[in-house]
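Student: My structure is stored as start-v8.tsv, with TSV, C-alpha atoms.
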```tsv
chain	number	residue	atom	x	y	z
A	1	MET	CA	113.86	56.67	103.84
A	2	ARG	CA	112.08	59.73	102.47
A	3	GLU	CA	108.84	58.73	104.24
A	4	ARG	CA	110.71	58.27	107.51
A	5	THR	CA	112.28	61.72	107.15
A	6	ALA	CA	108.86	63.27	106.48
A	7	LEU	CA	107.44	61.64	109.62
A	8	THR	CA	110.38	62.85	111.68
A	9	MET	CA	109.90	66.41	110.44
A	10	ARG	CA	106.16	66.23	111.10
A	11	ASP	CA	106.82	65.08	114.67
A	12	ALA	CA	109.39	67.86	115.09
A	13	LEU	CA	106.88	70.40	113.79
A	14	ALA	CA	104.24	69.20	116.23
A	15	ASP	CA	106.67	69.36	119.16
A	16	PHE	CA	107.90	72.81	118.15
A	17	LEU	CA	104.35	74.17	117.99
A	18	ARG	CA	103.48	72.72	121.40
A	19	ARG	CA	106.57	74.09	123.07
A	20	ARG	CA	106.26	77.55	121.56
A	21	ARG	CA	102.59	77.67	122.59
A	22	ASP	CA	103.46	76.62	126.16
A	23	ALA	CA	106.21	79.24	126.33
A	24	LEU	CA	104.08	82.17	125.16
A	25	ALA	CA	102.37	84.08	127.94
A	26	PRO	CA	98.79	85.24	127.21
A	27	GLN	CA	99.76	88.79	128.13
A	28	ALA	CA	102.30	88.81	125.28
A	29	VAL	CA	99.46	88.59	122.74
A	30	GLY	CA	97.01	90.84	124.57
A	31	LEU	CA	95.05	88.12	126.41
A	32	GLY	CA	94.23	88.01	130.12
A	33	ALA	CA	95.92	85.38	132.28
A	34	GLY	CA	92.59	84.05	133.62
A	35	ARG	CA	92.08	81.85	136.66
A	36	ARG	CA	91.42	78.47	135.08
A	37	ARG	CA	94.63	78.05	133.10
A	38	ARG	CA	96.41	74.80	133.86
A	39	THR	CA	99.62	76.04	132.19
A	40	PRO	CA	101.12	79.52	131.86
A	41	GLY	CA	101.05	79.38	128.06
A	42	LEU	CA	98.32	79.78	125.45
A	43	ARG	CA	95.53	77.30	124.81
A	44	ARG	CA	95.23	75.61	121.42
A	45	ASP	CA	92.03	77.44	120.56
A	46	GLU	CA	93.73	80.77	121.31
A	47	VAL	CA	96.60	80.02	118.95
A	48	ALA	CA	94.12	78.92	116.30
A	49	ARG	CA	92.14	82.13	116.65
A	50	LEU	CA	95.26	84.30	116.48
A	51	ALA	CA	96.45	82.36	113.41
A	52	ASN	CA	93.02	82.62	111.72
A	53	MET	CA	92.42	78.86	111.43
A	54	SER	CA	90.10	76.31	112.97
A	55	ALA	CA	90.96	74.88	116.37
A	56	THR	CA	90.51	71.35	114.99
A	57	TYR	CA	93.05	71.95	112.23
A	58	TYR	CA	95.58	73.38	114.67
A	59	GLU	CA	95.04	70.49	117.10
A	60	ARG	CA	95.83	68.02	114.33
A	61	LEU	CA	99.06	69.87	113.54
A	62	GLU	CA	100.13	69.63	117.18
A	63	GLN	CA	99.34	65.93	117.17
A	64	GLY	CA	101.37	65.35	114.01
A	65	ARG	CA	98.28	64.23	112.11
A	66	GLY	CA	97.51	67.21	109.93
A	67	PRO	CA	98.23	67.67	106.23
A	68	GLN	CA	101.23	69.69	105.11
A	69	PRO	CA	100.38	73.28	106.07
A	70	SER	CA	100.39	75.92	103.35
A	71	ALA	CA	102.61	78.98	103.36
A	72	ALA	CA	99.60	81.08	104.41
A	73	ILE	CA	98.97	78.80	107.39
A	74	LEU	CA	102.63	79.02	108.41
A	75	ALA	CA	102.57	82.81	108.18
A	76	GLY	CA	99.56	82.83	110.51
A	77	LEU	CA	101.28	80.50	112.98
A	78	ALA	CA	104.48	82.55	112.95
A	79	HIS	CA	102.46	85.65	113.78
A	80	ALA	CA	100.32	83.95	116.43
A	81	LEU	CA	103.30	82.43	118.24
A	82	ARG	CA	105.39	85.62	117.92
A	83	LEU	CA	108.29	83.75	116.32
A	84	ASP	CA	111.52	85.58	115.66
A	85	ARG	CA	113.33	85.37	112.31
A	86	ASP	CA	115.28	82.19	113.11
A	87	GLU	CA	112.22	80.45	114.59
A	88	ARG	CA	110.12	81.40	111.58
A	89	ALA	CA	112.75	80.02	109.19
A	90	TYR	CA	112.85	76.80	111.22
A	91	LEU	CA	109.05	76.51	111.14
A	92	TYR	CA	108.97	76.81	107.35
A	93	ARG	CA	111.75	74.24	106.91
A	94	LEU	CA	110.01	71.71	109.14
A	95	ALA	CA	106.85	72.12	107.06
A	96	GLY	CA	108.74	71.63	103.78
A	97	HIS	CA	108.55	75.23	102.59
A	98	ALA	CA	111.17	77.79	101.67
A	99	GLU	CA	111.22	80.67	104.10
A	100	PRO	CA	109.71	83.82	102.53
A	101	ALA	CA	112.04	86.72	101.97
A	102	ALA	CA	112.38	89.00	104.95
A	103	ALA	CA	111.55	92.62	104.23
A	104	THR	CA	113.68	95.43	105.60
A	105	THR	CA	112.04	97.48	108.29
A	106	ASP	CA	111.64	100.55	106.08
A	107	GLY	CA	111.14	98.82	102.74
A	108	GLY	CA	114.53	100.09	101.57
A	109	ALA	CA	117.87	98.54	100.76
A	110	ASP	CA	119.79	96.40	103.21
A	111	THR	CA	122.11	98.73	105.14
A	112	LYS	CA	125.07	96.32	104.98
A	113	LEU	CA	124.79	96.04	101.21
A	114	LEU	CA	124.45	99.81	100.96
A	115	SER	CA	127.70	100.28	102.84
A	116	VAL	CA	129.53	97.99	100.41
A	117	MET	CA	127.88	99.66	97.41
A	118	ARG	CA	129.03	103.08	98.59
A	119	ALA	CA	132.51	101.81	99.46
A	120	VAL	CA	133.15	100.72	95.86
A	121	ALA	CA	131.56	103.80	94.28
A	122	ALA	CA	134.93	105.31	93.32
A	123	THR	CA	135.79	102.35	91.10
A	124	SER	CA	132.81	100.07	90.47
A	125	PRO	CA	129.23	100.53	89.24
A	126	ALA	CA	126.91	98.67	91.62
A	127	PHE	CA	123.27	98.39	92.63
A	128	ALA	CA	121.26	96.71	95.37
A	129	ALA	CA	118.06	94.83	94.55
A	130	ASP	CA	115.47	92.78	96.39
A	131	ASP	CA	115.38	89.03	95.86
A	132	LEU	CA	113.02	89.45	92.90
A	133	GLY	CA	115.49	91.74	91.13
A	134	THR	CA	113.85	95.12	91.68
A	135	VAL	CA	116.51	97.82	92.09
A	136	LEU	CA	116.39	99.52	95.49
A	137	ALA	CA	119.55	101.64	95.28
A	138	GLN	CA	122.37	102.46	92.85
A	139	ASN	CA	125.72	104.11	93.31
A	140	GLU	CA	126.66	107.02	91.09
A	141	PRO	CA	128.78	105.07	88.55
A	142	HIS	CA	125.93	102.64	87.88
A	143	ALA	CA	123.32	105.37	87.54
A	144	THR	CA	125.67	107.32	85.26
A	145	LEU	CA	126.16	104.32	82.96
A	146	PHE	CA	122.65	102.86	82.88
A	147	GLY	CA	120.37	105.66	84.05
A	148	ARG	CA	118.26	105.80	87.18
A	149	ALA	CA	116.39	102.61	87.98
A	150	ALA	CA	115.75	102.72	91.73
A	151	GLY	CA	112.23	103.85	92.59
A	152	LEU	CA	110.79	103.57	89.09
A	153	PRO	CA	107.13	102.44	88.89
A	154	GLY	CA	106.02	98.92	88.01
A	155	TRP	CA	108.75	96.66	86.69
A	156	GLU	CA	110.73	99.48	85.06
A	157	GLY	CA	113.42	99.24	87.73
A	158	ASN	CA	113.58	95.44	87.74
A	159	LEU	CA	116.80	93.72	86.65
A	160	PHE	CA	115.07	91.03	84.60
A	161	TRP	CA	112.67	93.50	83.02
A	162	CYS	CA	115.54	95.83	82.09
A	163	TRP	CA	117.28	92.94	80.31
A	164	PHE	CA	114.42	91.12	78.58
A	165	ALA	CA	111.48	93.50	78.19
A	166	SER	CA	112.46	97.15	78.08
A	167	ARG	CA	116.04	96.24	77.06
A	168	ARG	CA	117.10	99.64	78.44
A	169	TRP	CA	120.29	98.19	79.96
A	170	ARG	CA	120.92	95.83	77.09
A	171	ARG	CA	121.18	98.67	74.57
A	172	TYR	CA	124.60	99.52	75.97
A	173	VAL	CA	125.97	95.96	75.75
A	174	LEU	CA	128.45	95.18	72.97
A	175	ASN	CA	128.73	91.44	73.65
A	176	PRO	CA	128.02	89.31	70.54
A	177	ALA	CA	124.62	87.64	70.19
A	178	ASP	CA	125.72	84.24	71.52
A	179	GLN	CA	127.12	85.81	74.70
A	180	GLN	CA	124.00	87.90	75.18
A	181	GLU	CA	121.96	84.72	74.81
A	182	PHE	CA	124.13	83.06	77.48
A	183	ILE	CA	123.57	85.97	79.86
A	184	GLY	CA	119.81	85.88	79.27
A	185	ARG	CA	119.70	82.12	79.80
A	186	ALA	CA	121.59	82.53	83.08
A	187	TYR	CA	119.13	85.21	84.22
A	188	ALA	CA	116.10	83.04	83.43
A	189	ALA	CA	117.61	80.01	85.18
A	190	TYR	CA	118.40	82.08	88.28
A	191	LEU	CA	114.90	83.59	88.30
A	192	ARG	CA	113.53	80.02	88.41
A	193	ILE	CA	115.32	79.51	91.73
A	194	ILE	CA	114.13	82.84	93.10
A	195	VAL	CA	110.49	82.15	92.24
A	196	ALA	CA	110.64	78.71	93.87
A	197	LYS	CA	112.25	80.15	97.02
A	198	ARG	CA	109.42	82.66	97.24
A	199	GLY	CA	106.88	79.84	97.02
A	200	TYR	CA	105.41	81.16	93.75
A	201	ASP	CA	103.92	84.11	95.58
A	202	ALA	CA	101.80	86.72	93.81
A	203	ALA	CA	104.66	89.13	93.03
A	204	ALA	CA	106.88	86.40	91.55
A	205	VAL	CA	104.07	84.96	89.44
A	206	ALA	CA	103.13	88.44	88.22
A	207	LEU	CA	106.72	89.22	87.17
A	208	VAL	CA	107.06	85.96	85.24
A	209	GLY	CA	103.67	86.44	83.57
A	210	ASP	CA	104.48	90.00	82.51
A	211	LEU	CA	107.93	88.98	81.24
A	212	ARG	CA	106.45	86.15	79.18
A	213	ALA	CA	103.94	88.53	77.63
A	214	ALA	CA	106.56	91.20	76.87
A	215	SER	CA	109.48	89.06	75.67
A	216	ALA	CA	109.34	86.05	73.34
A	217	GLU	CA	112.99	85.41	74.22
A	218	PHE	CA	112.21	85.17	77.93
A	219	ALA	CA	109.14	82.98	77.29
A	220	ALA	CA	111.26	80.48	75.34
A	221	LEU	CA	113.98	80.42	78.00
A	222	TRP	CA	111.43	80.06	80.78
A	223	ASP	CA	109.73	77.16	79.00
A	224	ASP	CA	113.13	75.47	78.71
A	225	HIS	CA	112.99	75.15	82.52
A	226	ARG	CA	116.72	75.42	83.16
A	227	VAL	CA	117.66	75.99	86.81
A	228	SER	CA	120.99	77.30	88.08
A	229	LYS	CA	122.55	79.70	90.51
A	230	PRO	CA	124.41	82.68	89.04
A	231	ALA	CA	127.12	81.26	86.81
A	232	SER	CA	130.33	82.71	85.47
A	233	SER	CA	129.24	84.82	82.50
A	234	PRO	CA	131.31	86.38	79.73
A	235	VAL	CA	133.05	89.66	80.41
A	236	LEU	CA	130.40	92.36	80.06
A	237	ILE	CA	131.34	94.86	77.35
A	238	ILE	CA	129.66	98.25	77.59
A	239	LEU	CA	129.87	101.04	75.01
A	240	ASP	CA	129.51	104.48	76.54
A	241	GLU	CA	129.27	107.30	74.04
A	242	ARG	CA	131.19	109.65	76.36
A	243	VAL	CA	134.31	107.58	77.14
A	244	GLY	CA	134.15	104.54	74.85
A	245	ARG	CA	134.39	100.80	75.52
A	246	LEU	CA	134.31	99.46	79.10
A	247	ASP	CA	135.15	95.83	79.98
A	248	PHE	CA	133.74	94.49	83.25
A	249	ASP	CA	133.84	91.36	85.33
A	250	HIS	CA	130.97	91.15	87.78
A	251	ALA	CA	130.24	89.92	91.28
A	252	LEU	CA	127.10	89.07	93.26
A	253	MET	CA	126.71	89.37	97.02
A	254	VAL	CA	123.57	88.05	98.75
A	255	SER	CA	122.51	89.08	102.25
A	256	PRO	CA	121.36	86.03	104.26
A	257	GLN	CA	119.18	88.27	106.43
A	258	SER	CA	117.20	90.27	103.87
A	259	ARG	CA	117.90	88.07	100.81
A	260	GLN	CA	118.67	91.25	98.92
A	261	CYS	CA	121.53	91.23	96.43
A	262	LEU	CA	124.37	93.53	95.53
A	263	TYR	CA	125.49	93.40	91.89
A	264	SER	CA	128.81	95.09	91.11
A	265	LEU	CA	130.92	95.55	87.98
A	266	HIS	CA	134.71	95.54	88.17
A	267	ALA	CA	137.17	96.74	85.53
A	268	VAL	CA	138.99	93.95	83.71
A	269	ARG	CA	142.71	94.14	84.30
A	270	GLY	CA	144.78	95.16	81.31
A	271	THR	CA	142.03	97.34	79.85
A	272	PRO	CA	141.61	101.14	80.10
A	273	THR	CA	138.22	100.64	81.81
A	274	GLN	CA	139.18	101.92	85.26
A	275	GLN	CA	140.68	105.10	83.84
A	276	ARG	CA	137.60	105.64	81.68
A	277	ILE	CA	135.25	105.17	84.66
A	278	THR	CA	137.20	107.88	86.48
A	279	GLU	CA	136.93	110.14	83.42
A	280	LEU	CA	133.19	109.47	83.18
A	281	LEU	CA	132.59	110.43	86.79
A	282	GLU	CA	134.62	113.62	86.31
A	283	LEU	CA	132.54	114.51	83.24
A	284	THR	CA	129.26	114.13	85.12
A	285	LYS	CA	130.16	116.11	88.22
```
Can the structure from this file be put into structure tokens for me?

Tutor:
Amino acid sequence: MRERTALTMRDALADFLRRRRDALAPQAVGLGAGRRRRTPGLRRDEVARLANMSATYYERLEQGRGPQPSAAILAGLAHALRLDRDERAYLYRLAGHAEPAAATTDGGADTKLLSVMRAVAATSPAFAADDLGTVLAQNEPHATLFGRAAGLPGWEGNLFWCWFASRRWRRYVLNPADQQEFIGRAYAAYLRIIVAKRGYDAAAVALVGDLRAASAEFAALWDDHRVSKPASSPVLIILDERVGRLDFDHALMVSPQSRQCLYSLHAVRGTPTQQRITELLELTK
């Protein structure tokens, strides 16, 4: 059954490549129409040249005979055939790869996540991060509680680095050791999924390598090879020297377009947390 599915996907990949090539006018990629073209689309050798691969290799892909293409090959094909976001995602799925994360046009935070982050700023600390956990933007309550993280060099503004290596965020956490261990284990298991989705690209591999070198705790958790999506964690207890103890539930929102995430903290009902957040923001005005 698995072999039959693989063959079906290979045939679908070959057909998709042929049809996209036939549908792409030479003028769209800066080539002349020429007089000897039998079809209005590109020739195989032109696609191969645009994708930086051999014509023989590309021909085999179109015939459903080639080996599984690498992520680099797929990136070249997506560029050569001028695929849009949905077509690129489809190409990667047919070839058995996870689609790489889509960057925002300006390298900044997803505008939809930013709007939510700002909307909750009166009540909830929140930050937006890329799919690898690097903080791109924070609202004022989050920056007031944990300090500025967006725009810091290296991994200093990375969620996983702030928890395991620099421990700059963890210094404020009052949760007992077993709950902190649970949170760390959940982070490591979620990072496993992120790294796999990114196809073990250079940035993901570098983050894992640097975390392993900087944190024995992370190295042990990583070697345990647990995998899970974000799970329900204990209530996060923060001690702020200005207003005292804060008890938070938390939520995660993921953008399907950019794969960026919005992490937000919400006051636990029945605690004075919301009042103290208001007091904290008044103190820092």

Student: Hey, could you make a per-residue contact list for range 132-194 of chain A against range 81-103 of chain A with 12 Å as the cut-off, showing the nearest pair of atoms and its distance in Å to one decimal, counting all atoms listed in the file, sorted by chain and number, as a Markdown table?

Tutor:
```
| residue | atom | partner | partner_atom | distance |
| --- | --- | --- | --- | --- |
| A:Leu132 | CA | A:Ala101 | CA | 9.5 |
| A:Ile193 | CA | A:Ala98 | CA | 10.9 |
| A:Ile194 | CA | A:Ala101 | CA | 9.9 |
```

Student: Could the residues in this selection be saved with C-alpha atoms as a compact mmCIF listing (two decimals), keeping the file's coordinate frame?

Tutor:
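Listed below is the output, selection.txt:
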```
# COMPACT_ATOMS: atom_id res chain seq x y z
CA LEU A 132 113.02 89.45 92.90
CA ILE A 193 115.32 79.51 91.73
CA ILE A 194 114.13 82.84 93.10
```

Student: Thr273 in chain A: which residues within 9 Å, counting only C-alpha atoms, same-chain residues fewer than 2 positions away excluded, as number ranges by chain?

Tutor: A: 244-248, 266-271, 275-278

Student: Given the point (127.2, 97.9, 90.9) in the coordinates of this file, which residues lie within 8 Å, counting only C-alpha atoms, and how would they look as a PyMOL selection string?

Tutor: chain A and resi 117+124-128+138-139+141-142+262-265

Student: Quick one: residues within 12 Å of Ala219 in chain A, only C-alpha atoms, excluding same-chain residues fewer than 2 positions away - as a list in words?

Tutor: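 Listed by chain and then number, they are Phe164, Ala165, Gly184, Arg185, Ala188, Ala189, Leu207, Val208, Gly209, Asp210, Leu211, Arg212, Ala213, Ala214, Ser215, Ala216, Glu217, Leu221, Trp222, Asp223, Asp224 and His225 of chain A.
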
Student: Using all atoms listed in the file, pick whichever of A:Arg43, A:Phe218, A:Cys261, A:Ala143 has the shortest atom-to-atom distance to Ser166 in chain A.

Tutor: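 Of all the options, A:Phe218 lies closest to Ser166 in chain A.
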